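S.K.: The structure file upload-v1.cif (mmCIF, C-alpha atoms) is provided below.
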data_entry
#
loop_
_atom_site.label_atom_id
_atom_site.label_comp_id
_atom_site.auth_asym_id
_atom_site.auth_seq_id
_atom_site.Cartn_x
_atom_site.Cartn_y
_atom_site.Cartn_z
CA MET A 1 95.41 123.90 79.82
CA ASN A 2 95.72 121.75 82.94
CA ARG A 3 99.02 120.91 84.64
CA ARG A 4 99.49 117.55 82.94
CA HIS A 5 98.75 118.92 79.49
CA PHE A 6 101.18 121.74 80.14
CA LEU A 7 103.89 119.27 81.10
CA GLN A 8 103.27 117.22 77.99
CA PHE A 9 103.39 120.32 75.83
CA ALA A 10 106.58 121.58 77.44
CA ALA A 11 108.31 118.24 76.97
CA ALA A 12 107.27 117.97 73.33
CA ALA A 13 108.35 121.49 72.54
CA SER A 14 111.66 121.22 74.41
CA ALA A 15 111.88 124.97 73.97
CA LEU A 16 112.23 126.16 77.55
CA PRO A 17 115.33 125.67 79.71
CA ALA A 18 113.15 124.85 82.71
CA PHE A 19 109.54 125.05 83.81
CA THR A 20 107.85 125.52 87.13
CA THR A 21 105.28 123.58 89.09
CA ALA A 22 103.86 124.67 92.45
CA GLY A 23 106.17 127.69 92.42
CA ARG A 24 109.39 125.66 92.21
CA ALA A 25 111.82 125.87 89.32
CA PHE A 26 113.28 122.53 88.31
CA ALA A 27 116.73 123.47 87.04
CA ALA A 28 119.26 120.82 87.92
CA PRO A 29 122.56 121.61 89.66
CA PRO A 30 125.26 121.06 87.00
CA SER A 31 127.49 118.91 89.23
CA SER A 32 124.79 116.63 90.64
CA PRO A 33 124.79 112.98 89.49
CA ARG A 34 121.84 111.79 87.45
CA PHE A 35 119.81 108.64 88.24
CA LEU A 36 117.04 106.94 86.23
CA LEU A 37 115.10 103.92 87.46
CA VAL A 38 113.51 101.83 84.70
CA PHE A 39 110.80 99.43 85.88
CA LEU A 40 109.94 96.56 83.50
CA ARG A 41 106.36 95.83 84.49
CA GLY A 42 105.15 92.29 83.93
CA GLY A 43 108.13 90.32 85.22
CA TYR A 44 110.58 89.88 82.36
CA ASP A 45 112.31 86.57 81.62
CA CYS A 46 115.86 87.33 82.70
CA ALA A 47 117.14 83.83 81.78
CA ASN A 48 116.58 84.65 78.11
CA LEU A 49 118.40 87.95 78.51
CA LEU A 50 121.45 86.95 80.55
CA VAL A 51 121.76 83.39 79.34
CA PRO A 52 123.37 80.75 81.62
CA TYR A 53 124.82 79.02 78.58
CA ALA A 54 127.26 76.87 80.59
CA SER A 55 124.29 75.15 82.23
CA ASP A 56 123.01 72.01 80.50
CA PHE A 57 120.03 72.23 82.85
CA TYR A 58 118.98 75.49 81.16
CA TYR A 59 118.74 73.79 77.77
CA GLN A 60 116.97 70.75 79.24
CA SER A 61 114.42 73.04 80.91
CA ARG A 62 113.69 75.06 77.78
CA PRO A 63 113.54 72.73 74.78
CA ASN A 64 111.64 75.30 72.68
CA ILE A 65 112.59 78.73 74.00
CA ALA A 66 116.25 78.48 75.09
CA VAL A 67 118.59 81.05 73.57
CA PRO A 68 121.34 79.28 71.57
CA ARG A 69 124.83 78.98 72.98
CA PRO A 70 127.43 81.45 71.69
CA ASP A 71 129.31 80.33 68.61
CA PRO A 72 132.99 81.30 69.00
CA LYS A 73 133.43 81.08 65.22
CA SER A 74 130.68 83.62 64.57
CA ASP A 75 130.70 87.41 64.87
CA GLY A 76 126.94 87.40 65.40
CA GLY A 77 124.43 85.60 67.55
CA THR A 78 124.55 85.19 71.32
CA LEU A 79 127.40 87.16 72.89
CA ALA A 80 129.53 85.37 75.51
CA LEU A 81 130.26 87.69 78.46
CA ASP A 82 132.32 85.21 80.48
CA GLY A 83 132.56 81.46 80.96
CA ASP A 84 129.05 81.17 82.43
CA TRP A 85 126.89 83.97 81.06
CA ALA A 86 125.99 85.26 77.62
CA LEU A 87 123.84 88.09 76.27
CA THR A 88 120.97 87.40 73.89
CA SER A 89 121.67 88.40 70.29
CA ALA A 90 118.76 90.88 70.40
CA LEU A 91 120.99 93.16 72.49
CA ARG A 92 124.36 92.38 70.95
CA ASP A 93 124.70 95.67 69.01
CA SER A 94 123.28 97.92 71.73
CA ILE A 95 123.76 96.70 75.30
CA GLY A 96 126.51 94.32 74.16
CA GLU A 97 128.53 97.22 72.79
CA MET A 98 128.04 99.15 76.05
CA TYR A 99 129.10 96.08 78.05
CA ARG A 100 132.33 95.81 76.06
CA ASN A 101 132.95 99.50 76.88
CA LYS A 102 132.37 98.72 80.59
CA GLN A 103 129.19 100.83 80.65
CA VAL A 104 126.87 97.98 81.67
CA ALA A 105 126.90 95.50 84.55
CA PHE A 106 124.38 92.79 85.34
CA VAL A 107 123.32 91.63 88.80
CA PRO A 108 121.70 88.17 88.59
CA PHE A 109 119.68 86.55 91.38
CA ALA A 110 118.31 89.98 92.33
CA GLY A 111 114.92 90.99 93.65
CA THR A 112 112.74 91.10 96.71
CA ASP A 113 111.73 88.58 99.36
CA ASP A 114 108.07 89.00 98.31
CA LEU A 115 106.77 85.54 97.36
CA SER A 116 103.23 86.46 96.34
CA ARG A 117 104.06 86.19 92.61
CA SER A 118 101.44 88.89 92.15
CA HIS A 119 102.29 91.66 89.71
CA PHE A 120 100.49 94.30 91.71
CA GLU A 121 101.58 93.30 95.20
CA THR A 122 105.22 92.85 94.27
CA GLN A 123 105.37 96.03 92.19
CA ASP A 124 103.88 97.98 95.10
CA ASN A 125 106.27 96.43 97.61
CA ILE A 126 109.27 97.35 95.49
CA GLU A 127 108.09 100.90 94.87
CA ARG A 128 107.46 101.46 98.58
CA GLY A 129 110.94 100.18 99.47
CA GLU A 130 109.99 99.20 102.99
CA PRO A 131 110.80 95.98 104.87
CA SER A 132 108.41 93.26 103.75
CA GLN A 133 107.22 92.55 107.28
CA THR A 134 105.89 96.09 107.74
CA HIS A 135 102.24 96.91 107.14
CA GLY A 136 103.19 99.33 104.38
CA ASP A 137 102.58 102.99 103.70
CA PHE A 138 101.09 103.47 100.25
CA ASN A 139 101.62 107.21 100.51
CA SER A 140 105.39 106.93 100.73
CA GLY A 141 107.69 105.59 98.01
CA PHE A 142 111.44 105.16 98.25
CA MET A 143 112.23 107.60 95.42
CA ALA A 144 110.08 110.21 97.15
CA ARG A 145 112.05 109.69 100.34
CA LEU A 146 115.30 109.88 98.37
CA SER A 147 114.16 113.13 96.74
CA GLY A 148 113.38 114.61 100.15
CA THR A 149 116.71 113.46 101.56
CA LEU A 150 118.62 115.12 98.72
CA SER A 151 116.90 118.46 99.45
CA GLY A 152 116.83 119.91 95.97
CA LYS A 153 120.13 118.43 94.76
CA ALA A 154 118.30 116.11 92.34
CA PRO A 155 115.12 117.60 90.82
CA PRO A 156 112.71 114.67 90.23
CA ILE A 157 110.45 113.69 87.35
CA ALA A 158 108.30 110.66 86.45
CA PHE A 159 107.87 109.70 82.80
CA THR A 160 104.49 108.13 83.51
CA ASP A 161 100.83 108.90 82.92
CA ALA A 162 100.09 109.13 86.64
CA LEU A 163 102.47 109.71 89.53
CA PRO A 164 103.92 106.27 90.43
CA LEU A 165 103.81 104.95 93.97
CA THR A 166 107.59 105.27 94.30
CA PHE A 167 107.29 109.08 94.08
CA ARG A 168 104.30 109.47 96.41
CA GLY A 169 104.90 111.56 99.49
CA ALA A 170 107.38 114.01 97.98
CA GLY A 171 105.02 116.85 97.19
CA ASP A 172 104.26 118.09 93.68
CA ILE A 173 106.51 116.06 91.36
CA PRO A 174 106.01 116.59 87.61
CA ASN A 175 105.03 113.64 85.47
CA ILE A 176 104.95 113.37 81.69
CA SER A 177 102.89 110.73 79.93
CA LEU A 178 104.56 108.64 77.22
CA LYS A 179 101.42 106.62 76.49
CA SER A 180 100.64 108.49 73.28
CA VAL A 181 103.38 106.42 71.63
CA GLY A 182 102.26 103.09 70.20
CA LYS A 183 98.51 103.68 70.49
CA PRO A 184 96.20 101.69 68.21
CA ALA A 185 96.10 102.95 64.64
CA TYR A 186 92.41 103.85 65.00
CA ASP A 187 90.79 105.14 68.17
CA ASP A 188 86.99 105.36 68.60
CA ARG A 189 86.78 108.78 66.98
CA GLN A 190 88.85 107.71 63.97
CA SER A 191 86.86 104.51 63.61
CA ALA A 192 83.66 106.57 63.51
CA ILE A 193 85.14 108.77 60.78
CA LEU A 194 86.13 105.72 58.71
CA THR A 195 82.65 104.24 59.15
CA SER A 196 80.98 107.45 57.98
CA MET A 197 83.34 107.69 54.99
CA TYR A 198 82.19 104.28 53.73
CA GLN A 199 78.52 104.83 54.55
CA GLY A 200 76.53 103.50 51.56
CA HIS A 201 79.68 102.27 49.81
CA ARG A 202 79.91 98.67 48.60
CA LEU A 203 82.78 98.15 51.08
CA GLN A 204 80.78 99.41 54.05
CA GLY A 205 80.13 95.92 55.43
CA ALA A 206 83.74 94.83 55.09
CA VAL A 207 85.02 98.01 56.75
CA ASN A 208 82.61 97.66 59.68
CA ASP A 209 83.46 93.98 60.12
CA GLY A 210 87.17 94.71 59.97
CA LEU A 211 87.02 97.46 62.58
CA GLU A 212 84.85 95.33 64.87
CA LEU A 213 87.13 92.29 64.55
CA ARG A 214 90.22 94.42 65.15
CA ALA A 215 88.76 95.89 68.33
CA HIS A 216 87.68 92.46 69.61
CA VAL A 217 91.02 90.76 68.98
CA ALA A 218 92.98 93.65 70.45
CA LYS A 219 90.88 93.56 73.62
CA GLU A 220 91.27 89.80 74.08
CA PHE A 221 95.04 89.81 73.71
CA GLU A 222 95.75 93.01 75.59
CA THR A 223 93.62 92.58 78.71
CA GLU A 224 96.01 90.51 80.84
CA MET A 225 99.13 92.23 79.56
CA ASN A 226 97.67 95.67 80.22
CA GLN A 227 96.76 94.72 83.75
CA ALA A 228 100.35 93.77 84.49
CA ASN A 229 101.66 96.84 82.64
CA ARG A 230 99.62 99.30 84.70
CA GLY A 231 99.56 101.70 81.79
CA ALA A 232 103.33 101.67 81.20
CA VAL A 233 104.73 102.62 77.82
CA SER A 234 105.71 99.74 75.52
CA ALA A 235 109.33 98.87 74.78
CA LYS A 236 108.86 100.30 71.28
CA GLY A 237 107.44 103.45 72.81
CA PHE A 238 110.42 103.73 75.13
CA ALA A 239 112.79 103.42 72.17
CA LEU A 240 110.99 106.26 70.40
CA GLU A 241 110.87 108.49 73.48
CA ALA A 242 114.35 107.86 74.90
CA GLN A 243 115.86 110.98 73.36
CA ARG A 244 113.12 113.17 74.82
CA ILE A 245 113.71 111.63 78.25
CA ALA A 246 117.45 112.22 77.90
CA LYS A 247 117.01 115.88 76.92
CA LEU A 248 114.89 116.61 79.97
CA MET A 249 117.21 114.77 82.32
CA ARG A 250 120.30 116.37 80.79
CA ASP A 251 119.00 119.92 81.10
CA GLN A 252 116.55 119.99 83.99
CA TYR A 253 116.24 116.84 86.11
CA ARG A 254 118.49 114.51 88.04
CA LEU A 255 116.12 111.88 89.48
CA GLY A 256 113.83 110.05 87.06
CA PHE A 257 111.48 107.09 86.85
CA VAL A 258 109.98 105.39 83.80
CA ASP A 259 108.06 102.13 83.51
CA VAL A 260 108.00 99.93 80.43
CA GLY A 261 105.34 97.26 79.89
CA GLY A 262 104.91 94.12 77.80
CA TRP A 263 106.96 91.55 79.75
CA ASP A 264 104.31 89.07 80.95
CA THR A 265 105.26 86.31 78.48
CA HIS A 266 103.04 83.34 79.35
CA VAL A 267 102.57 82.30 75.71
CA ASN A 268 104.94 82.06 72.71
CA GLU A 269 107.77 83.92 74.37
CA GLY A 270 110.35 83.00 71.74
CA ASN A 271 114.10 82.54 72.22
CA ASP A 272 116.61 84.81 70.46
CA LYS A 273 113.75 85.73 68.14
CA GLY A 274 110.12 86.46 68.86
CA GLN A 275 108.09 88.40 71.39
CA LEU A 276 110.64 88.80 74.18
CA ALA A 277 113.59 89.35 71.84
CA ASN A 278 111.71 92.12 70.03
CA ASN A 279 110.95 93.89 73.30
CA LEU A 280 114.55 93.58 74.43
CA ALA A 281 115.82 94.91 71.11
CA ASN A 282 113.59 97.98 71.42
CA LEU A 283 114.69 98.50 75.00
CA GLY A 284 118.35 98.26 74.01
CA ASP A 285 117.86 100.72 71.16
CA GLY A 286 116.22 103.09 73.61
CA PHE A 287 119.15 102.97 76.01
CA LYS A 288 121.60 103.49 73.16
CA ALA A 289 119.66 106.59 72.02
CA PHE A 290 119.40 107.79 75.63
CA ALA A 291 123.18 107.58 76.11
CA GLN A 292 123.92 109.25 72.78
CA GLU A 293 121.56 112.14 73.50
CA LEU A 294 123.16 112.76 76.89
CA GLY A 295 126.56 113.08 75.24
CA PRO A 296 129.31 113.91 77.76
CA GLU A 297 126.73 113.84 80.57
CA TRP A 298 126.36 110.07 80.08
CA LYS A 299 129.44 109.77 82.30
CA ASN A 300 127.52 111.49 85.07
CA THR A 301 124.46 109.26 84.73
CA VAL A 302 123.43 105.92 86.26
CA VAL A 303 120.47 103.87 85.04
CA VAL A 304 119.14 100.85 86.94
CA VAL A 305 116.68 98.42 85.33
CA VAL A 306 114.46 96.32 87.61
CA SER A 307 111.35 94.14 87.34
CA GLU A 308 108.94 92.86 89.99
CA PHE A 309 110.16 89.28 89.57
CA GLY A 310 111.71 86.86 87.10
CA ARG A 311 109.98 83.94 85.41
CA THR A 312 109.84 80.22 86.00
CA PHE A 313 113.10 78.61 84.95
CA ARG A 314 111.34 75.85 83.02
CA GLU A 315 109.16 76.75 80.07
CA ASN A 316 105.44 76.04 80.36
CA GLY A 317 103.14 74.12 78.02
CA ASN A 318 102.46 77.25 75.95
CA ARG A 319 106.11 77.84 75.06
CA GLY A 320 106.23 80.67 77.55
CA THR A 321 107.12 81.19 81.20
CA ASP A 322 105.08 81.94 84.31
CA HIS A 323 105.53 84.19 87.32
CA GLY A 324 108.78 83.45 89.13
CA HIS A 325 111.03 84.99 91.77
CA GLY A 326 114.67 86.06 91.24
CA SER A 327 115.51 88.41 88.39
CA VAL A 328 118.51 90.07 86.74
CA TYR A 329 119.03 93.79 87.29
CA TRP A 330 120.98 96.02 84.91
CA VAL A 331 123.20 98.93 85.87
CA LEU A 332 124.21 101.27 83.04
CA GLY A 333 126.21 104.48 82.84
CA GLY A 334 129.12 106.12 81.08
CA GLY A 335 131.17 106.26 84.26
CA ILE A 336 130.33 103.00 86.02
CA ASP A 337 132.71 100.12 86.66
CA GLY A 338 130.88 97.80 84.29
CA GLY A 339 131.72 95.02 81.94
CA ARG A 340 131.09 92.43 84.66
CA ILE A 341 128.50 90.25 86.35
CA ALA A 342 128.18 91.60 89.90
CA GLY A 343 126.73 90.46 93.20
CA GLU A 344 126.32 87.11 94.91
CA GLN A 345 125.84 84.14 92.55
CA VAL A 346 125.31 80.39 92.51
CA LYS A 347 125.72 77.77 89.84
CA VAL A 348 122.59 77.42 87.71
CA GLU A 349 121.30 73.89 88.24
CA GLN A 350 118.19 72.22 89.57
CA ALA A 351 119.51 72.02 93.13
CA THR A 352 119.92 75.82 93.36
CA LEU A 353 116.43 76.74 92.14
CA HIS A 354 114.06 78.38 94.59
CA GLN A 355 111.21 75.95 95.32
CA ASN A 356 112.48 73.89 92.37
CA ARG A 357 111.09 76.43 89.91
CA ASP A 358 112.71 79.89 90.04
CA TYR A 359 115.97 81.76 90.39
CA PRO A 360 116.61 82.46 94.08
CA VAL A 361 117.03 86.03 95.32
CA LEU A 362 120.57 86.44 96.66
CA ASN A 363 120.89 90.20 96.06
CA ASP A 364 118.14 92.20 97.75
CA TYR A 365 117.05 95.26 95.76
CA ARG A 366 116.85 97.51 98.83
CA SER A 367 120.39 96.63 99.84
CA LEU A 368 121.70 97.15 96.31
CA LEU A 369 120.03 100.51 95.74
CA ALA A 370 120.87 101.77 99.24
CA GLY A 371 124.55 100.99 98.65
CA LEU A 372 124.41 102.63 95.21
CA TYR A 373 122.80 105.80 96.57
CA VAL A 374 125.45 106.09 99.27
CA ARG A 375 128.09 105.98 96.54
CA LEU A 376 126.27 108.45 94.27
CA TRP A 377 125.30 111.12 96.79
CA GLY A 378 127.40 110.34 99.85
CA LEU A 379 124.35 109.64 102.01
CA SER A 380 124.97 109.21 105.72
CA PRO A 381 123.78 105.97 107.40
CA ALA A 382 120.81 107.88 108.82
CA GLN A 383 119.88 109.26 105.40
CA ALA A 384 120.22 105.86 103.73
CA ASP A 385 118.03 104.33 106.43
CA LYS A 386 115.38 106.96 105.79
CA VAL A 387 115.22 105.94 102.13
CA PHE A 388 115.34 102.19 102.80
CA PRO A 389 114.48 101.52 106.46
CA GLN A 390 116.38 98.62 108.03
CA ALA A 391 118.16 97.77 104.78
CA ASN A 392 121.55 96.07 104.95
CA ARG A 393 123.46 98.32 102.55
CA VAL A 394 125.63 96.46 100.01
CA ASP A 395 128.28 98.27 98.00
CA LEU A 396 129.06 96.49 94.73
CA ARG A 397 131.38 99.37 93.81
CA LEU A 398 129.69 99.91 90.49
CA VAL A 399 130.12 103.68 90.78
#
Write out the structure in this file as C-alpha cells.

M.R.:
Amino acid sequence: MNRRHFLQFAAAASALPAFTTAGRAFAAPPSSPRFLLVFLRGGYDCANLLVPYASDFYYQSRPNIAVPRPDPKSDGGTLALDGDWALTSALRDSIGEMYRNKQVAFVPFAGTDDLSRSHFETQDNIERGEPSQTHGDFNSGFMARLSGTLSGKAPPIAFTDALPLTFRGAGDIPNISLKSVGKPAYDDRQSAILTSMYQGHRLQGAVNDGLELRAHVAKEFETEMNQANRGAVSAKGFALEAQRIAKLMRDQYRLGFVDVGGWDTHVNEGNDKGQLANNLANLGDGFKAFAQELGPEWKNTVVVVVSEFGRTFRENGNRGTDHGHGSVYWVLGGGIDGGRIAGEQVKVEQATLHQNRDYPVLNDYRSLLAGLYVRLWGLSPAQADKVFPQANRVDLRLV
C-alpha cells in the first residue's frame, strides 16, 4: 500500500486519532485556530451569487441569466442582504441562514492584479502568493510558507489528488484525493463487463452503441471544463465529502486546502436555476454539513472561498459568461464578525467596470489573507511578509 492509498484508507476509515507521514505525527494542538481555503477552479460567476439587485445595469446586461430581484412579500426566492446586494435563492437555506447568524461575510471586488484571464496562469499566481511582478517560484506556495511560519501550530493537509502548488515547499504534507466521488457510472473495466454480459444477446448492438455514445458525449462536454478544473472535485462531490473533511480537520489538522471544479460557465449558465445554481446549492450544502460536523469547533474555524477570477459582467451569446477579473470572496466561521458585505466597494454601473467588461479588483487577495492571518495567529510583520512578500496587509476585522 503506497502512501497515497494509505492516506485514502485512513480517511475513509476514520478509525485512528492521528496518523504519521515521514515520521511526524499530525495531531492538532487543541487551542490552535483552524483555517480551510476553498478554491473554486474555473472562475465562478460571482454576480449571480452576490446579486447587485439595486443596479438596473445588471438586469440590462443579463437579459436571460440575471437572478430575479428579491420579493419583499415572499419568504422564498432571492434573499436581500442589504439595500444593494442579495443572495441567490440556491443558497438561501444554507449560506443565507449562516449569514443571518453572522457566520458569513462577503468581500466583493476581490482578486488579483493578474490580467491574463488564463485559468492556469491566474490559479498559479494566486497559489504562489507572490507579487505579480516577480518571476515566480513554482516550488513555493503561500500556504506552505504559512505552515512553515506556524512551526507545527497548524498541522496541514490538502484534500486533493496531488499536492497543490500552494502547499509546495513545506516538506511532506499529506493529501487525500476526493476524486472518487462523482465518477462516471461506468469506467472502462465496467463497460467491458457490460459488453461481455450482452455478448450474443439481441441487445448487444444497442448496449455497445449506448456505451460508445455515452463516452463520446462525456468527452466532448468535459474536456474544457476538466482543463480548468485541474482535477478538482465537483461541487456535488464536495457536498458528499464535507463531513469527512470536517472530521479530519476537527481531530487532526488545522490548515487545509480543497479545490472544487465546475465553474467555467461559458454556455447555458442559468440564473437562480440551472447549471451555476445547482453547483452553488451543492457547495452551500457542503458548508452546512461541514459546520454541523465540526460542532462546537465551528467557532474556532475560518473558511475562505476564492476563485481565480470572476466572469464578464454582461452575458455572452450562449447565455453564459466568459473569463473576467474581479470576484467575490466568502469568509465563513462560527466565530467571525459576519452578516455583512466587507471591503472596499463601488456602485455597480457601466462606468465602474474594469475595461468596460468586468468587476474591478479593489480588494487584493494577498492583502486580505495577510491581514486575516495576522488576526488568526498573531503573526509579526516579518512573519506576514514571509507568507505574502511585499503585501499591504488589510485588516477587515472579520475575526

S.K.: Check which residues satisfy the PyMOL selection byres ((chain A and resi 154) around 10) in the file shown, then give them as a tab-separated table (two decimals) with C-alpha atoms, in the frame of the given file.

M.R.:
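Heads up, here's the output in result-v6.tsv:
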chain	number	residue	atom	x	y	z
A	26	PHE	CA	113.28	122.53	88.31
A	27	ALA	CA	116.73	123.47	87.04
A	28	ALA	CA	119.26	120.82	87.92
A	29	PRO	CA	122.56	121.61	89.66
A	32	SER	CA	124.79	116.63	90.64
A	33	PRO	CA	124.79	112.98	89.49
A	34	ARG	CA	121.84	111.79	87.45
A	35	PHE	CA	119.81	108.64	88.24
A	146	LEU	CA	115.30	109.88	98.37
A	147	SER	CA	114.16	113.13	96.74
A	148	GLY	CA	113.38	114.61	100.15
A	149	THR	CA	116.71	113.46	101.56
A	150	LEU	CA	118.62	115.12	98.72
A	151	SER	CA	116.90	118.46	99.45
A	152	GLY	CA	116.83	119.91	95.97
A	153	LYS	CA	120.13	118.43	94.76
A	155	PRO	CA	115.12	117.60	90.82
A	156	PRO	CA	112.71	114.67	90.23
A	157	ILE	CA	110.45	113.69	87.35
A	252	GLN	CA	116.55	119.99	83.99
A	253	TYR	CA	116.24	116.84	86.11
A	254	ARG	CA	118.49	114.51	88.04
A	255	LEU	CA	116.12	111.88	89.48
A	256	GLY	CA	113.83	110.05	87.06
A	377	TRP	CA	125.30	111.12	96.79

S.K.: In terms of the shortest atom-to-atom distance over all atoms listed in the file, which of A:Val303, A:Gly310, A:Ala281, A:Gly335 is closest to A:Thr265?

M.R.: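 Of the candidates, the smallest distance to A:Thr265 is held by A:Gly310.
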
S.K.: Measure the distance from atom CA of A:Asp137 to atom CA of A:Phe167 in Å and round it to one decimal.

M.R.: 12.3 Å

S.K.: Skipping near chain neighbours, those fewer than 5 positions away, what residues fall within 12 Å of A:Leu81 using only C-alpha atoms, listed as a VMD selection string?

M.R.: chain A and resid 49 to 54 69 to 70 72 86 to 89 92 95 to 100 102 104 to 106 338 to 341

S.K.: One number please: atom CA of A:Glu293 to atom CA of A:Asp161, in Å, one decimal.

M.R.: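 Atom CA of A:Asp161 lies 23.0 Å from atom CA of A:Glu293.
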
S.K.: Distance atom CA of A:Pro131-atom CA of A:Gly111, one decimal place?

M.R.: 13.0 Å

S.K.: For A:Asp322, which residue out of A:Ala289, A:Val394, A:Val267, A:Val306 is the nearest one, using only C-alpha atoms?

M.R.: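 The closest residue to A:Asp322 is A:Val267.
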
S.K.: For A:Tyr359, which residue among A:Lys347, A:Pro63, A:His325, A:Phe57 is the nearest when counting all atoms listed in the file?

M.R.: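 Selected residue with least distance to A:Tyr359: A:His325.
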
S.K.: Using all atoms listed in the file for the distances, tell me which of A:Leu276, A:Leu36, A:Leu248, A:Ala232 is nearest to A:Thr321.

M.R.: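 Comparing A:Leu276, A:Leu36, A:Leu248, A:Ala232 against A:Thr321, the winner is A:Leu276.
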
S.K.: Mind listing whatever residues come within 8 Å of the point (115.1, 80.2, 80.3)? Use all atoms listed in the file, file coordinates, and give them as a ChimeraX atom specification.

M.R.: /A:45-48,51,58-59,61-62,65-67,312-315

S.K.: For A:Val233, which residue among A:Asn278, A:Thr160, A:Gln350, A:Asn271 is the nearest when counting all atoms listed in the file?

M.R.: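 Nearest candidate to A:Val233 out of A:Asn278, A:Thr160, A:Gln350, A:Asn271: A:Thr160.
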
S.K.: Pick out the residues sitting within 12 Å of A:Asp385, and hand them over as an MDAnalysis selection string; count only C-alpha atoms, and ignore anything fewer than 2 positions along from it in its own chain.

M.R.: chainID A and resid 129:131 142 145:146 149 366:367 369:371 373:374 379:383 387:393

S.K.: Considering all atoms listed in the file, can you say which of A:Ala80, A:Met143, A:Ala242, A:Leu115 comes closest to A:Ala384?

M.R.: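 Of A:Ala80, A:Met143, A:Ala242, A:Leu115, the one nearest A:Ala384, counting all atoms listed in the file, is A:Met143.
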
S.K.: Can you translate the PyMOL selection byres ((chain A and resi 299) around 6) into the concrete residues it hits in this file, as a PyMOL selection string?

M.R.: chain A and resi 297-298+300-301+334-335

S.K.: Within 8 Å of (126.3, 98.0, 90.2), in the coordinates the file gives, what residues turn up when you count all atoms listed in the file, written out as an NGL selection string?

M.R.: :A and (105-107 or 330-331 or 336-338 or 342 or 368 or 372 or 396-399)

S.K.: Near A:Gly286, counting only C-alpha atoms, which residues have an atom at most 8 Å away, once you skip same-chain residues fewer than 2 positions from it, shown as a list in words?

M.R.: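 These residues fall inside the cut-off: Phe238, Ala239, Leu240, Glu241, Ala242, Gln243, Asn282, Leu283, Gly284, Lys288, Ala289 and Phe290 of chain A.
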
S.K.: Expand the PyMOL selection byres ((chain A and resi 308) around 7) into the explicit residue set it covers here, and present it as a VMD selection string.

M.R.: chain A and resid 41 43 119 122 to 123 306 to 307 309

S.K.: Since we have the selection now, will you write its residues out, keeping C-alpha atoms, as a tab-separated table (two decimals), in the frame of the given file?

M.R.:
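For reference, selection14.tsv as written:
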chain	number	residue	atom	x	y	z
A	41	ARG	CA	106.36	95.83	84.49
A	43	GLY	CA	108.13	90.32	85.22
A	119	HIS	CA	102.29	91.66	89.71
A	122	THR	CA	105.22	92.85	94.27
A	123	GLN	CA	105.37	96.03	92.19
A	306	VAL	CA	114.46	96.32	87.61
A	307	SER	CA	111.35	94.14	87.34
A	309	PHE	CA	110.16	89.28	89.57
